[in-house]
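Taking it in order: structure first as structure tokens, then the write-up.
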Amino acid sequence: MKKYIRIDEYKVLFVRIVLVYFFYTIARLLFYFYNADLLQIKSFSYFLKLCYHGLTFDTSAILYVNLLFILLSILPLRINTSVRFQKVLFYLYFITNLLAFSTNFIDFIYYKHSLARTTLAAMNVIENETNKASLFLSFIVDYWHVFVLFFVLAFLWIFLYKKIRFRADIPQNKIAYFSFSTLFLLIFSVMIIAGIRGGDLSKSTRPINLLDASRHVKNIVHADIVLNTPFAIIRTVFSNNFKKVEFPEVTEKVIAEKVQPIKFYKNNPETSPNVVLIILESYGREYSGAFNKFMNIKNHKSHTPFIDSLAQHSLIFSNAYANGRQSIHGMSSIIAGIPTYKDAFTSSPYPKQKIESLVSTLERKGYSTSFFHGAANGSMGFLGFSNILGIDHYFGRNEYNNDIDFDGYWGIWDEPFLQFMKTKLDHEKAPFFSTVFTISSHEPYIVPEKYKDRFKEGDIIMHKCVEYTDYALQRFFDEAKKSTWYENTIFVLVADHGNQVFYQDYNKTINRFTVPILFFKPNSDLVGNSNEIAQQIDIYPTILDLIGYNKPFRSWGRSLVDTRKKTEPFAVHSLGNMHHFMKGNYISAFDGKNVVGFYSINDKALEHNLIQQRNAEMDELELETKAFYQDYMNRVIDKKLTSETK
């Protein structure tokens with residue numbers, strides 16, 4: 001009877017699946033090992049608890065990946081135990097599992113940059129790269145230990161799999177064989193569906209997704225320990241995270257009062273200065289001394305002497321934040337005032353629409369527009385988004401047309417490329433709006449050979465790249481001063497996002513989003529240092545306020561020079577699964593449906609949830625959090641990203 005109900009086959013299948021769990025657990029341990037400085041678990045027991053909750057997400061991912069393998073293993077085919085059939089199962093098992101397993105290793109390194117588990121949307125970042133091979137080779141060289149770990153574990157996995165004994169046995173009693181096999185097939189099917197859904201078959205619940213990991217943690221950052229990368233990718237394959245929202249308490253009146261999506265400033269006379277926007281790749285606020293006077297970091301060392309000197313003659317914001325986690329997030333936030341929640345607006349189904357931005361508003365005033373990025377044309381999705389925004393001219397590595405200055409990985413070194421930009425601006429008809437996105441302060445963290453003795457590694461490898469880009473900026477400004485357009489130009493410096501961290505204060509969850517924001521106009525009174533909350537989406541309305549733009553425009557940000565404070569200082573940003581809204585004395589944590597936490601504005605590590613101590617200010621913050629999110633989602637989906645489509 002035993003062979004008819006295939007007990008031995010089911011035992012072998014069980015052990016093979018347990019092996020997958022074992023290696024997923026190893027991957028979780030390694031993920032924490034590589035990112036312990038960001039995840040900061042304070043007790044071993046709490047870590048074990050996170051691992052326990054992670055089993056639910058492991059189960060879902062493992063069942064997704066092994067669905068065909070399990071099905072072929074339990075179907076009543078009568079040849080299941082044959083050597084040839086088992087060889088087919090062997091290859092199916094390892095091709096699917098090792099491919100899925102390898103994605104965990106991406107996040108050993110990439111998590112430091114994305115601050116979230118990799119999803120399908122993240123793959124769009126490299127979709128248009130023309131130098132994928134060199135980037136991949138660079139990754140192998142720089143992180144060889146990750147590849148070694150993967151192959152060692154893969155060989156160990158194969159070794160253990162082959163150690164599982166399996167006896168070939170073709171059943172003779174067909175009726176008993178098919179009867180018992182069908183019964184167990186039905187049982188296994190129910191178990192598989194339940195496992196994929198997260199252990200629950202109730203109609204009142206939905207299958208688990210990335211947000212559910214946040215339910216099991218004290219600090220929302222730890223949700224990424226509960227998750228695994230295969231699950232994060234699989235659950236976003238067919239998902240569209242842009243969905244219309246209607247909160248009962250959020251009316252059009254509430255949106256008009258709290259969000260104020262249509263702005264109109266009358267603070268300054270109408271003028272037409274040139275505008276040069278410099279977006280610095282991975283240039284966290286930590287690196288610049290001028291932006292750390294309020295941080296009280298003992299023995300803070302600056303790596304940006306030129307920016308520090310420029311800051312003395314500029315209006316700077318020392319409490320500013322990025323509205324996204326990746327470079328393309330920075331571009332949409334800064335130029336178009338569109339922040340990022342779970343996924344980038346540019347990766348959604350909705351970017352191809354009329355978008356009011358610095359480009360469209362300035363072009364109405366007769367400005368010519370251009371965008372400079374030293375990487376291959378199309379890199380990072382910048383070219384595509386530039387076209388959507390209507391930028392007149394795009395200058396990339398192709399237009400530079402001299403690979404002597406190619407860094408070998410991403411594009412043209414910052415120093416020569418900024419000089420190339422200056423030369424192009426010399427031939428622009430004023431007024432012009434020009435944006436440059438630098439590249440050299442980026443992985444693989446190298447500087448030109450001729451500067452290797454000048455810019456050496458500091459406390460972290462990133463510091464030498466920061467110092468090189470700072471020098472490139474100095475050279476650009478030195479040459480720009482000689483041009484006729486310089487005196488009548490507003491320069492804006494901002495980073496797309498942060499990068500490697502040295503000081504522990506910048507390892508705190510909220511402080512990972514900190515960036516410098518600087519406005520400079522030669523020989524003007526645009527000078528000072530503000531510690532008010534600021535963010536990338538504020539740059540767009542600030543520029544229009546400074547030049548006296550005399551028409552209403554769509555903007556979720558606020559003018560940083562509006563002395564009448566029509567909109568109080570605030571900032572929004574997202575970890576992917578959890579969104580934050582900072583204003584007044586508190587930070588709200590919002591999962592897209594409910595505010596699940598309130599934290600003191602000084603609790604940048606988000607360690608003490610005050611939701612049980614609700615007060616009137618928290619209630620108001622919750623309403624504003626939901627109103628902003630609702631207006632954002634609905635405007636994007638309804639294609640109302642201009643002031644004409646109120």
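Each chain in the structure tokens gets a letter, A, B, ..., in the order shown, and its residues are numbered from 1; ligands are numbered from 1 in order too.
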
Quiz item: DSSP says helix (DSSP H, G or I) for which residues of region 425-569 of chain A? Put them as a PyMOL selection string?
Solution: chain A and resi 425+449-451+462-480+486-488+504-507+510-513+536-546

Practice problem: Determine, counting only C-alpha atoms, which protein, DNA and RNA residues have an atom within 10 Å of an atom of Ser441 (chain A); residues of the same chain fewer than 2 positions away are not included. Present the result as a list in words. | Solution: Leu280, Glu281, Ser282, Tyr283, Trp413, Asp414, Thr438, Ile439, Glu443, Pro444, Tyr445, Ile446, Val447, Met462, His463, Lys464, Cys465, Val466, Glu467, Tyr468, Thr469, Asp470 and Asn499 of chain A

Atoms kept (N, CA, C and O atoms) for selection, written as a PDB file, in the first residue's frame:
ATOM      1  N   LEU A 280      23.595  66.823  -8.531  1.00  0.00           N
ATOM      2  CA  LEU A 280      24.817  66.083  -8.216  1.00  0.00           C
ATOM      3  C   LEU A 280      24.495  64.635  -7.880  1.00  0.00           C
ATOM      4  O   LEU A 280      23.732  64.355  -6.958  1.00  0.00           O
ATOM      5  N   GLU A 281      25.077  63.736  -8.620  1.00  0.00           N
ATOM      6  CA  GLU A 281      24.853  62.315  -8.410  1.00  0.00           C
ATOM      7  C   GLU A 281      25.305  61.873  -7.017  1.00  0.00           C
ATOM      8  O   GLU A 281      26.455  62.092  -6.625  1.00  0.00           O
ATOM      9  N   SER A 282      24.389  61.275  -6.260  1.00  0.00           N
ATOM     10  CA  SER A 282      24.693  60.612  -4.975  1.00  0.00           C
ATOM     11  C   SER A 282      25.389  61.523  -3.969  1.00  0.00           C
ATOM     12  O   SER A 282      26.194  61.053  -3.163  1.00  0.00           O
ATOM     13  N   TYR A 283      25.099  62.787  -3.984  1.00  0.00           N
ATOM     14  CA  TYR A 283      25.830  63.775  -3.183  1.00  0.00           C
ATOM     15  C   TYR A 283      25.087  64.068  -1.883  1.00  0.00           C
ATOM     16  O   TYR A 283      24.451  65.120  -1.730  1.00  0.00           O
ATOM     17  N   TRP A 413      33.890  61.999 -17.596  1.00  0.00           N
ATOM     18  CA  TRP A 413      34.252  62.550 -16.291  1.00  0.00           C
ATOM     19  C   TRP A 413      33.607  63.926 -16.093  1.00  0.00           C
ATOM     20  O   TRP A 413      33.436  64.698 -17.040  1.00  0.00           O
ATOM     21  N   ASP A 414      33.278  64.250 -14.849  1.00  0.00           N
ATOM     22  CA  ASP A 414      32.581  65.504 -14.551  1.00  0.00           C
ATOM     23  C   ASP A 414      33.348  66.749 -14.988  1.00  0.00           C
ATOM     24  O   ASP A 414      32.753  67.693 -15.529  1.00  0.00           O
ATOM     25  N   THR A 438      25.375  65.229 -12.965  1.00  0.00           N
ATOM     26  CA  THR A 438      26.755  64.731 -12.938  1.00  0.00           C
ATOM     27  C   THR A 438      26.772  63.215 -12.772  1.00  0.00           C
ATOM     28  O   THR A 438      25.757  62.597 -12.437  1.00  0.00           O
ATOM     29  N   ILE A 439      27.937  62.600 -12.969  1.00  0.00           N
ATOM     30  CA  ILE A 439      28.000  61.134 -12.885  1.00  0.00           C
ATOM     31  C   ILE A 439      29.174  60.602 -12.057  1.00  0.00           C
ATOM     32  O   ILE A 439      29.158  59.450 -11.629  1.00  0.00           O
ATOM     33  N   GLU A 443      29.323  54.815  -7.935  1.00  0.00           N
ATOM     34  CA  GLU A 443      30.009  53.542  -8.076  1.00  0.00           C
ATOM     35  C   GLU A 443      30.534  53.412  -9.512  1.00  0.00           C
ATOM     36  O   GLU A 443      29.850  53.856 -10.442  1.00  0.00           O
ATOM     37  N   PRO A 444      31.724  52.921  -9.789  1.00  0.00           N
ATOM     38  CA  PRO A 444      32.615  52.170  -8.894  1.00  0.00           C
ATOM     39  C   PRO A 444      33.605  53.018  -8.088  1.00  0.00           C
ATOM     40  O   PRO A 444      34.661  52.518  -7.700  1.00  0.00           O
ATOM     41  N   TYR A 445      33.283  54.302  -7.856  1.00  0.00           N
ATOM     42  CA  TYR A 445      34.059  55.164  -6.958  1.00  0.00           C
ATOM     43  C   TYR A 445      35.522  55.297  -7.396  1.00  0.00           C
ATOM     44  O   TYR A 445      36.450  54.923  -6.699  1.00  0.00           O
ATOM     45  N   ILE A 446      35.680  55.840  -8.590  1.00  0.00           N
ATOM     46  CA  ILE A 446      37.028  56.056  -9.118  1.00  0.00           C
ATOM     47  C   ILE A 446      37.147  57.521  -9.548  1.00  0.00           C
ATOM     48  O   ILE A 446      36.139  58.208  -9.760  1.00  0.00           O
ATOM     49  N   VAL A 447      38.381  57.981  -9.672  1.00  0.00           N
ATOM     50  CA  VAL A 447      38.652  59.330 -10.160  1.00  0.00           C
ATOM     51  C   VAL A 447      39.638  59.213 -11.316  1.00  0.00           C
ATOM     52  O   VAL A 447      40.294  58.176 -11.483  1.00  0.00           O
ATOM     53  N   MET A 462      33.753  56.723  -1.068  1.00  0.00           N
ATOM     54  CA  MET A 462      32.991  57.743  -1.766  1.00  0.00           C
ATOM     55  C   MET A 462      33.635  59.121  -1.675  1.00  0.00           C
ATOM     56  O   MET A 462      33.478  59.956  -2.581  1.00  0.00           O
ATOM     57  N   HIS A 463      34.368  59.377  -0.618  1.00  0.00           N
ATOM     58  CA  HIS A 463      34.877  60.723  -0.352  1.00  0.00           C
ATOM     59  C   HIS A 463      35.781  61.257  -1.466  1.00  0.00           C
ATOM     60  O   HIS A 463      35.735  62.441  -1.793  1.00  0.00           O
ATOM     61  N   LYS A 464      36.584  60.401  -2.058  1.00  0.00           N
ATOM     62  CA  LYS A 464      37.476  60.903  -3.106  1.00  0.00           C
ATOM     63  C   LYS A 464      36.680  61.337  -4.343  1.00  0.00           C
ATOM     64  O   LYS A 464      37.042  62.298  -5.025  1.00  0.00           O
ATOM     65  N   CYS A 465      35.561  60.650  -4.613  1.00  0.00           N
ATOM     66  CA  CYS A 465      34.719  61.024  -5.751  1.00  0.00           C
ATOM     67  C   CYS A 465      33.996  62.336  -5.480  1.00  0.00           C
ATOM     68  O   CYS A 465      33.847  63.174  -6.371  1.00  0.00           O
ATOM     69  N   VAL A 466      33.554  62.508  -4.230  1.00  0.00           N
ATOM     70  CA  VAL A 466      32.901  63.756  -3.830  1.00  0.00           C
ATOM     71  C   VAL A 466      33.869  64.921  -4.006  1.00  0.00           C
ATOM     72  O   VAL A 466      33.510  65.988  -4.530  1.00  0.00           O
ATOM     73  N   GLU A 467      35.111  64.728  -3.590  1.00  0.00           N
ATOM     74  CA  GLU A 467      36.114  65.789  -3.690  1.00  0.00           C
ATOM     75  C   GLU A 467      36.433  66.100  -5.154  1.00  0.00           C
ATOM     76  O   GLU A 467      36.628  67.267  -5.528  1.00  0.00           O
ATOM     77  N   TYR A 468      36.466  65.054  -5.988  1.00  0.00           N
ATOM     78  CA  TYR A 468      36.734  65.292  -7.416  1.00  0.00           C
ATOM     79  C   TYR A 468      35.605  66.092  -8.060  1.00  0.00           C
ATOM     80  O   TYR A 468      35.846  67.062  -8.796  1.00  0.00           O
ATOM     81  N   THR A 469      34.357  65.735  -7.784  1.00  0.00           N
ATOM     82  CA  THR A 469      33.226  66.468  -8.365  1.00  0.00           C
ATOM     83  C   THR A 469      33.181  67.900  -7.842  1.00  0.00           C
ATOM     84  O   THR A 469      32.851  68.836  -8.587  1.00  0.00           O
ATOM     85  N   ASP A 470      33.522  68.093  -6.570  1.00  0.00           N
ATOM     86  CA  ASP A 470      33.594  69.447  -6.021  1.00  0.00           C
ATOM     87  C   ASP A 470      34.625  70.275  -6.795  1.00  0.00           C
ATOM     88  O   ASP A 470      34.392  71.447  -7.121  1.00  0.00           O
ATOM     89  N   ASN A 499      24.305  58.608  -0.587  1.00  0.00           N
ATOM     90  CA  ASN A 499      25.064  57.419  -0.958  1.00  0.00           C
ATOM     91  C   ASN A 499      25.716  56.862   0.305  1.00  0.00           C
ATOM     92  O   ASN A 499      25.075  56.805   1.348  1.00  0.00           O
TER      93      ASN A 499
END

Practice problem: Would you list the contacts of Phe477 (chain A) as a ChimeraX atom specification, taking every protein, DNA or RNA residue within 10 Å and counting only C-alpha atoms, but skipping same-chain residues closer than 4 positions in sequence? | Solution: /A:306,310,418-419,422,471-473,481-483,486

Write a file of the selected residues as an mmCIF file, in the first residue's frame, keeping N, CA and C atoms.
data_model
loop_
_atom_site.group_PDB
_atom_site.id
_atom_site.type_symbol
_atom_site.label_atom_id
_atom_site.label_comp_id
_atom_site.auth_asym_id
_atom_site.auth_seq_id
_atom_site.Cartn_x
_atom_site.Cartn_y
_atom_site.Cartn_z
ATOM 1 N N PHE A 306 34.921 73.756 -2.274
ATOM 2 C CA PHE A 306 34.352 74.758 -3.166
ATOM 3 C C PHE A 306 32.890 75.036 -2.836
ATOM 4 N N LEU A 310 31.159 78.545 -1.844
ATOM 5 C CA LEU A 310 30.024 79.077 -2.600
ATOM 6 C C LEU A 310 28.823 79.317 -1.678
ATOM 7 N N LEU A 418 31.555 69.185 -17.618
ATOM 8 C CA LEU A 418 31.048 70.488 -17.180
ATOM 9 C C LEU A 418 31.652 71.618 -18.022
ATOM 10 N N GLN A 419 32.893 71.445 -18.445
ATOM 11 C CA GLN A 419 33.499 72.434 -19.341
ATOM 12 C C GLN A 419 32.809 72.415 -20.707
ATOM 13 N N LYS A 422 29.645 74.322 -20.284
ATOM 14 C CA LYS A 422 29.899 75.769 -20.258
ATOM 15 C C LYS A 422 30.078 76.309 -21.678
ATOM 16 N N TYR A 471 35.762 69.653 -7.102
ATOM 17 C CA TYR A 471 36.796 70.338 -7.887
ATOM 18 C C TYR A 471 36.294 70.628 -9.301
ATOM 19 N N ALA A 472 35.556 69.694 -9.889
ATOM 20 C CA ALA A 472 35.003 69.890 -11.228
ATOM 21 C C ALA A 472 34.034 71.074 -11.235
ATOM 22 N N LEU A 473 33.263 71.215 -10.157
ATOM 23 C CA LEU A 473 32.354 72.354 -10.033
ATOM 24 C C LEU A 473 33.139 73.671 -9.938
ATOM 25 N N LYS A 481 32.516 82.339 -14.930
ATOM 26 C CA LYS A 481 32.650 83.756 -14.552
ATOM 27 C C LYS A 481 33.126 84.619 -15.720
ATOM 28 N N LYS A 482 33.786 84.000 -16.673
ATOM 29 C CA LYS A 482 34.324 84.735 -17.817
ATOM 30 C C LYS A 482 33.274 84.954 -18.911
ATOM 31 N N SER A 483 32.108 84.329 -18.745
ATOM 32 C CA SER A 483 31.074 84.405 -19.779
ATOM 33 C C SER A 483 30.090 85.529 -19.490
ATOM 34 N N TYR A 486 26.925 84.813 -17.134
ATOM 35 C CA TYR A 486 27.128 84.410 -15.741
ATOM 36 C C TYR A 486 26.432 85.340 -14.744
#

Could you give me, as a short mmCIF file (atom, residue, chain, number, x, y, z; two decimals) with C-alpha atoms, in the first residue's frame, the residues within 12 Å of Phe155 (chain A), counting only C-alpha atoms and dropping anything in the same chain fewer than 6 positions from it?
data_model
loop_
_atom_site.label_atom_id
_atom_site.label_comp_id
_atom_site.auth_asym_id
_atom_site.auth_seq_id
_atom_site.Cartn_x
_atom_site.Cartn_y
_atom_site.Cartn_z
CA PHE A 23 19.27 28.53 1.51
CA PHE A 94 18.10 24.36 -10.12
CA LEU A 98 19.20 29.47 -8.56
CA VAL A 148 32.07 33.65 -4.77
CA LEU A 149 29.43 33.29 -2.07
CA TYR A 161 20.29 17.68 -3.30
CA LYS A 162 22.17 14.71 -4.73
#

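The nearest approach to Gly195 (chain A) among the residues A:Ser82, A:Thr56, A:Ser102, A:Asn241, with only C-alpha atoms taken into account, belongs to A:Thr56.
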
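Once Ser73 (chain A) and its same-chain neighbours fewer than 3 positions away are set aside, Glu9, Leu13, Phe69, Ile70, Asn80 and Leu89 of chain A remain within 8 Å of it when counting only C-alpha atoms.
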
Selected residues, N, CA, C and O atoms, written as a short mmCIF file (atom, residue, chain, number, x, y, z; two decimals), in the first residue's frame, please.
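Final output, saved to selection_31.cif:
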data_model
loop_
_atom_site.label_atom_id
_atom_site.label_comp_id
_atom_site.auth_asym_id
_atom_site.auth_seq_id
_atom_site.Cartn_x
_atom_site.Cartn_y
_atom_site.Cartn_z
N GLU A 9 8.01 9.29 -2.39
CA GLU A 9 8.13 10.41 -3.31
C GLU A 9 7.82 11.73 -2.63
O GLU A 9 8.52 12.74 -2.83
N LEU A 13 10.22 14.99 -2.02
CA LEU A 13 9.80 16.33 -2.44
C LEU A 13 9.86 17.30 -1.26
O LEU A 13 10.34 18.43 -1.40
N PHE A 69 7.85 22.61 -10.78
CA PHE A 69 8.62 21.49 -10.22
C PHE A 69 7.74 20.63 -9.31
O PHE A 69 7.74 19.39 -9.39
N ILE A 70 6.98 21.28 -8.44
CA ILE A 70 6.11 20.54 -7.52
C ILE A 70 5.02 19.81 -8.29
O ILE A 70 4.71 18.63 -8.01
N ASN A 80 7.39 9.10 -12.72
CA ASN A 80 8.00 10.13 -11.87
C ASN A 80 9.32 9.70 -11.26
O ASN A 80 10.21 10.53 -11.04
N LEU A 89 13.70 16.88 -13.69
CA LEU A 89 13.33 17.61 -12.48
C LEU A 89 14.54 18.31 -11.86
O LEU A 89 14.43 19.43 -11.35
#

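Atom to atom, CA of Ile510 (chain A) and CA of Tyr341 (chain A) stand 14.7 Å apart.
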
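Nearest to Arg78 (chain A) of all the residues A:Phe178, A:Tyr111, A:Phe150, A:Tyr93 is A:Phe178, counting only C-alpha atoms.
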
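Within region 93-278 of chain A, DSSP run on the backbone puts these residues in strand (DSSP E): Ile262, Lys263, Asn274, Val275, Val276, Leu277 and Ile278 of chain A.
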
Go ahead and write the selection's residues with C-alpha atoms as a PDB file, in the first residue's frame.
ATOM      1  CA  ILE A 262      -2.118  75.118  -7.817  1.00  0.00           C
ATOM      2  CA  LYS A 263       0.382  77.824  -6.827  1.00  0.00           C
ATOM      3  CA  ASN A 274      19.129  82.339 -16.890  1.00  0.00           C
ATOM      4  CA  VAL A 275      18.691  79.276 -14.703  1.00  0.00           C
ATOM      5  CA  VAL A 276      21.385  76.598 -14.392  1.00  0.00           C
ATOM      6  CA  LEU A 277      20.315  73.557 -12.387  1.00  0.00           C
ATOM      7  CA  ILE A 278      23.105  71.243 -11.232  1.00  0.00           C
TER       8      ILE A 278
END

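The spacing separating CA of Ala376 (chain A) from CA of Arg397 (chain A) amounts to 5.0 Å.
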
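Between Arg285 (chain A) and the residues A:Tyr503, A:Phe581, A:Phe90, A:Trp556, the shortest atom-to-atom distance, using only C-alpha atoms, involves A:Tyr503.
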
Practice problem: Find the residues around Asp631 (chain A) up to 9 Å (only C-alpha atoms counted), leave out those fewer than 5 positions away in its own chain, and share them as a list of chain:residue names. | Solution: A:Val245, A:Ile255, A:Val259, A:Pro261, A:Lys626, A:Val636

Hey, can you spit out that residue selection with all heavy atoms as an mmCIF file, in the first residue's frame?
data_model
loop_
_atom_site.group_PDB
_atom_site.id
_atom_site.type_symbol
_atom_site.label_atom_id
_atom_site.label_comp_id
_atom_site.auth_asym_id
_atom_site.auth_seq_id
_atom_site.Cartn_x
_atom_site.Cartn_y
_atom_site.Cartn_z
ATOM 1 N N VAL A 245 -7.382 56.952 -5.341
ATOM 2 C CA VAL A 245 -7.648 56.894 -3.905
ATOM 3 C C VAL A 245 -8.766 57.875 -3.564
ATOM 4 O O VAL A 245 -8.796 58.995 -4.080
ATOM 5 C CB VAL A 245 -6.383 57.257 -3.096
ATOM 6 C CG1 VAL A 245 -6.672 57.217 -1.601
ATOM 7 C CG2 VAL A 245 -5.241 56.310 -3.442
ATOM 8 N N ILE A 255 -8.250 69.341 -0.037
ATOM 9 C CA ILE A 255 -7.084 69.355 -0.925
ATOM 10 C C ILE A 255 -6.684 70.787 -1.268
ATOM 11 O O ILE A 255 -5.497 71.136 -1.245
ATOM 12 C CB ILE A 255 -7.371 68.549 -2.207
ATOM 13 C CG1 ILE A 255 -7.438 67.051 -1.872
ATOM 14 C CG2 ILE A 255 -6.307 68.808 -3.268
ATOM 15 C CD1 ILE A 255 -7.856 66.178 -3.026
ATOM 16 N N VAL A 259 -3.278 70.900 0.574
ATOM 17 C CA VAL A 259 -2.263 70.541 -0.429
ATOM 18 C C VAL A 259 -1.910 71.736 -1.308
ATOM 19 O O VAL A 259 -0.755 71.921 -1.684
ATOM 20 C CB VAL A 259 -2.757 69.360 -1.289
ATOM 21 C CG1 VAL A 259 -1.682 68.938 -2.297
ATOM 22 C CG2 VAL A 259 -3.151 68.180 -0.414
ATOM 23 N N PRO A 261 -2.473 72.408 -4.600
ATOM 24 C CA PRO A 261 -1.728 71.924 -5.782
ATOM 25 C C PRO A 261 -1.512 72.971 -6.862
ATOM 26 O O PRO A 261 -0.637 72.811 -7.707
ATOM 27 C CB PRO A 261 -2.599 70.773 -6.288
ATOM 28 C CG PRO A 261 -3.968 71.080 -5.774
ATOM 29 C CD PRO A 261 -3.777 71.750 -4.466
ATOM 30 N N LYS A 626 -2.954 62.043 3.995
ATOM 31 C CA LYS A 626 -3.901 61.376 3.098
ATOM 32 C C LYS A 626 -4.306 62.292 1.947
ATOM 33 O O LYS A 626 -4.448 61.833 0.806
ATOM 34 C CB LYS A 626 -5.137 60.932 3.883
ATOM 35 C CG LYS A 626 -4.879 59.782 4.844
ATOM 36 C CD LYS A 626 -6.150 59.368 5.574
ATOM 37 C CE LYS A 626 -5.908 58.155 6.452
ATOM 38 N NZ LYS A 626 -7.141 57.747 7.189
ATOM 39 N N VAL A 636 -2.108 62.070 -11.187
ATOM 40 C CA VAL A 636 -1.264 61.280 -12.092
ATOM 41 C C VAL A 636 -2.127 60.408 -12.990
ATOM 42 O O VAL A 636 -1.958 60.373 -14.214
ATOM 43 C CB VAL A 636 -0.268 60.426 -11.286
ATOM 44 C CG1 VAL A 636 0.387 59.385 -12.187
ATOM 45 C CG2 VAL A 636 0.803 61.300 -10.651
#

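In this comparison, which uses only C-alpha atoms, the residue of A:Lys424, A:Lys593, A:Arg117, A:Lys298 approaching Asp224 (chain A) most closely is A:Arg117.
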